[in-house]
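Undergrad: Please see the structure below; I have some questions.
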Amino acid sequence: MIRVELVSLLRSRRTWATIALVDALPVIVAVLLAVTDLGPRPGTGPAFLSAVLTDGTLYPLAALAIVLPLFLPIAVAVFAGEAIAGEAQQGTLRYLLLRPVGRTHLLIAKLVGVMAFVVLTVLVVAATAYLLGIGLLGHQSVTASAPGTASVSGTSLSTPELVARTFAALGYAMLCMLGVASVALFASTLVRSPLAAAMGALALLVGSTLLLTLDAADPLKPYLLTRYWLAFVDLFRDPILWHDLVRGVLLQLGYVVVFLGAAWANFATKDISD
Amino acid sequence: MTRGRGTGRRWLLVALVALALTAGPPLARAVPTRPVDIDAGTLLGRVQAAEDRPWSGLVETTGTLALPDADQFSDVAALFGGSTRMRVWWRDADHWRVDQLSTSGEQDLVRTGDRTVRWDYERLQARFGEEPSVRLPRAADLLPTELAARMLRGAGPDDVTRLPARRVADRTAPGLRLVPASPRTTIDHVDVWADADTGLPLRVEVYDASGRFLTSEAVDVDLATPSEARVSFTTPPGAGVERDDVLDIADAANQYAPLIAPQRAGGLEADGSNGAVGVYGTGPEQVVAIPLRDREADALRDQLGVTPGARQGATGTRVTVGPLGVLLTGAEGEGGLLVAGTVTPPTLHAVARDVIAGYQYVGVPQ
């Protein structure tokens, strides 16, 4: 079942079209930066965007900061919202369940499919950004006396350190999207319309983002889905600031456990007529 | 029937897990602290003795004052009117590092003896300078340790009362309330919670008559002495290097204005300043007087003039924001004396009058 989902994902034109759309924004930003050589004013742009004018190898991180707050979660919500509700809308869910696989197994296969999409998208965005970064953006001189890249805290990061921390940041972003996928998958088991399922997950995202700006919502903030998404920047401080990263991982795992559990509770015994 | 029961059990399981996950952290915080049998005077002594104790950690501050956002003072307005996160490594008063964190970078301050380095990641720039004798408030001043030291300076056992202990940074922290006796201050009271064992201030809340306007809390604390390497700075590859002759407008006025401020103003004693800028009072009643050139004074006067509640008087333009009084003397094109502090309007005017009358003119520094 999982293999079928993965093959279907990779063969789908929609998958690659969505990835291309998500990838388009960092590409446009890289071209604009290269042409104008104008970075954002300090404190105003996404993380790392001002640094890429000096060091293009950081552009995968800037690209991640560009797509993570909005583009990527929208794509994930649409994909995960489609998972069960899409089959129900097309009338194929009943036939899928005629096969000798359990509903829990089907749910897991759908989640694996969504996560494969997330991994693929993040890797494509990072790889494209790296090529654009070294091709179009800053070339920092690396000498024997001053090797490496400046960390956010102003120390020097060696290339292996930078690569390891970049992959850790990509992994963290993927985990954040697993939280979104779980919410959308749950919504997908509730309704017949994939659009309604995606909108349900997006409503939670928008609500979370809005509440984060409100001082009166302070008691709720540690539980908001998007609260720690941008904490991947803390991987590039020296020493790494684990405070928000650990909370971010635990929060996303909490969302996964609760919403996947809810999806399982709803879907495992739901009457399927479509 | 069996299916309905199975569904119910599944949902019950999910609800229990959700409840455990959401209620767990608040319940853990609600665990009562261990009893701390210490009187207010002893705790005050312990807090004052811990003023320069080594520590490191993560600090969050929140200010609610909507200060006028004039160019030269925009950092101060942001500091007292918003949230700030800082990482701290503190060996002693002359060897420390405070990193001001944001989602897009860091602005760090490293102090080694009399020298300072300011690192700005987004500008990829290190600025070297010397610690001035007078300057505007900066993020490091809002650390709970620094804020408590400033507020409790000069306080005695009779000025404080005990507050119940609370859990701060996962430590038991007995509390202390300072109610200033002076009628000149606009600070209503200051609450400080300090580590029960070491006296290190972990949380400070500052109130005026209308409520709390400033909170500073250490959310993570390590009481081990940070290494020397942690409080040093080496410029990274590719970064720009600058040297600062002046830090801010207060430092510039103090160094270059051909004046010496009097040692007493508005009934308050000078707090160690000996240049053009006067700093008067101690603890919760402090006021600073900065002479401004017409260019800076005019810009600030315009900004103060459009601030809600601004009052034009014979002395100048006065604004009150929460507990902070700001008075700019003079008129357009004349320069002016900026007087600002946590004191009442009559004290503000008295300080302005005494400083202007008491200025000694000296030769222009070369």
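Chain lettering (A, B, ...) mirrors the order of the structure tokens, residue numbering begins at 1 for each chain separately, and ligand numbering begins at 1 in order of display.
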Need to verify the contact set: Val279 in chain B, 10 Å, only C-alpha atoms, exclusion of same-chain residues closer than 4 positions in sequence. Can you return it as a list in words?
TA: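 Everything that qualifies: Val134, Ala261, Pro262, Gln263, Arg264, Ala265, Leu268, Glu269, Ala270, Asp271, Gly272, Ser273, Asn274, Gly275, Gln286, Val287, Val288, Ala289, Ile290, Val339, Ala340 and Gly341 of chain B.
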Undergrad: Pull out every residue of chain A sitting within 6 Å of chain B, counting only C-alpha atoms, and send them as a list in words.
TA: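 Listing them in order of chain and number gives Pro42, Ala47, Ser50, Ala146, Ala150, Val152, Gly154, Thr155, Ser156, Val258, Gly261 and Ala265 of chain A.
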Undergrad: Within 10 Å of Val179 in chain B, counting only C-alpha atoms, which residues qualify if same-chain residues fewer than 3 places away don't, as an MDAnalysis selection string?
TA: chainID B and resid 155 158:161 176 182 187:191 207 284
Undergrad: Put those residues in a file: C-alpha atoms, as a short mmCIF file (atom, residue, chain, number, x, y, z; two decimals), in the first residue's frame.
TA:
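The resulting file, selection_31.cif, is reproduced below:
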data_model
loop_
_atom_site.label_atom_id
_atom_site.label_comp_id
_atom_site.auth_asym_id
_atom_site.auth_seq_id
_atom_site.Cartn_x
_atom_site.Cartn_y
_atom_site.Cartn_z
CA ALA B 155 17.28 49.94 49.73
CA ASP B 158 12.83 48.34 56.24
CA ASP B 159 12.01 49.16 52.61
CA VAL B 160 11.13 45.60 51.61
CA THR B 161 8.56 42.92 52.43
CA LEU B 176 10.67 40.51 47.69
CA SER B 182 10.35 58.76 48.18
CA ILE B 187 7.49 53.79 40.46
CA ASP B 188 4.77 52.28 42.64
CA HIS B 189 6.57 49.09 43.59
CA VAL B 190 9.10 46.55 42.37
CA ASP B 191 8.78 42.79 42.85
CA TYR B 207 4.86 48.68 38.45
CA PRO B 284 13.61 53.65 41.47
#
Undergrad: Using only C-alpha atoms, which residue out of B:Leu79, B:Leu202, B:Leu136, B:Leu327 lies closest to Thr64 in chain B?
TA: B:Leu79
Undergrad: Give the strand (DSSP E or B) residues of range 124-335 of chain B, as DSSP finds them on the backbone, and put them as a PyMOL selection string.
TA: chain B and resi 125-130+160-168+171-178+185+189-194+201-208+211-222+240-243+259-260+264-265+268-270+278-282+285-292+311-312+316-321+324-329
Undergrad: For Phe80 in chain B, please output as a compact mmCIF listing (two decimals) with N, CA and C atoms, in the first residue's frame all residues within 6 Å (counting only C-alpha atoms; exclusion window: fewer than 2 positions along the same chain).
TA:
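Wrote out12.txt, looks like this:
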# COMPACT_ATOMS: atom_id res chain seq x y z
N GLY B 63 8.09 44.93 27.83
CA GLY B 63 7.77 46.28 28.25
C GLY B 63 6.51 46.74 27.55
N LEU B 65 5.54 50.23 27.50
CA LEU B 65 5.53 51.69 27.36
C LEU B 65 5.60 52.10 25.89
N ALA B 77 13.00 53.01 22.72
CA ALA B 77 11.56 52.84 22.59
C ALA B 77 11.21 51.36 22.37
N ALA B 78 12.00 50.68 21.53
CA ALA B 78 11.74 49.26 21.26
C ALA B 78 11.96 48.42 22.51
N GLY B 82 8.34 46.62 23.92
CA GLY B 82 8.14 45.34 23.25
C GLY B 82 8.81 44.21 23.99
Undergrad: Do a neighbour search on range 82-92 of chain A at 6 Å with only C-alpha atoms, toss out local chain neighbours closer than 6 positions, and write the hits as JSON, numbers by chain.
TA: {"A": [110, 188, 189, 192, 193, 194, 274]}
Undergrad: Determine the nearest neighbour of Val67 in chain A from the options A:Thr149, A:Leu6, A:Leu224, A:Val29, counting only C-alpha atoms.
TA: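 Checking each of A:Thr149, A:Leu6, A:Leu224, A:Val29 against Val67 in chain A, counting only C-alpha atoms, the winner is A:Val29.
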Undergrad: Pick the closest to Ala149 in chain B from B:Arg53, B:Thr185, B:Arg135, B:Ala218: which is it, counting only C-alpha atoms?
TA: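 Nearest to Ala149 in chain B: B:Arg53.
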Undergrad: From the list A:Leu214, A:Val124, A:Ala116, A:Leu53, which residue is nearest Thr36 in chain A when using only C-alpha atoms?
TA: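 Smallest separation from Thr36 in chain A among the options: A:Leu53.
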Undergrad: Set the distance at 8 Å and use only C-alpha atoms: which residues neighbour Ala297 in chain B once local chain neighbours fewer than 5 positions away are removed? I'd like the list as a ChimeraX atom specification.
TA: /B:292,328,332,335-336
Undergrad: Would you write out those residues with C-alpha atoms, as a PDB file, in the first residue's frame?
TA:
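result_19.pdb, freshly written:
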ATOM      1  CA  LEU B 292      21.134  68.454  22.935  1.00  0.00           C
ATOM      2  CA  LEU B 328      12.665  68.968  26.597  1.00  0.00           C
ATOM      3  CA  GLU B 332      13.051  75.488  17.942  1.00  0.00           C
ATOM      4  CA  GLY B 335      18.908  73.270  21.266  1.00  0.00           C
ATOM      5  CA  GLY B 336      17.593  72.084  24.594  1.00  0.00           C
TER       6      GLY B 336
END
Undergrad: Given the choices B:Val306, B:Arg295, B:Tyr361, B:Arg171, which gets closest to Ala331 in chain B if the distance is worked out from only C-alpha atoms?
TA: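 Closest residue, counting only C-alpha atoms: B:Arg295.
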Undergrad: When you count only C-alpha atoms, which of these residues is closest to Glu60 in chain B: B:Glu217, B:Asp37, B:Glu130, B:Asp244?
TA: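 Looking at the shortest contact to Glu60 in chain B, the residue is B:Glu217.
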Undergrad: Among range 89-151 of chain A, which residues does DSSP mark as alpha helix (DSSP H) when it is run on the backbone? Keep the chain and numbering as in the structure and answer as a PyMOL selection string.
TA: chain A and resi 89-90+93-98+103-136
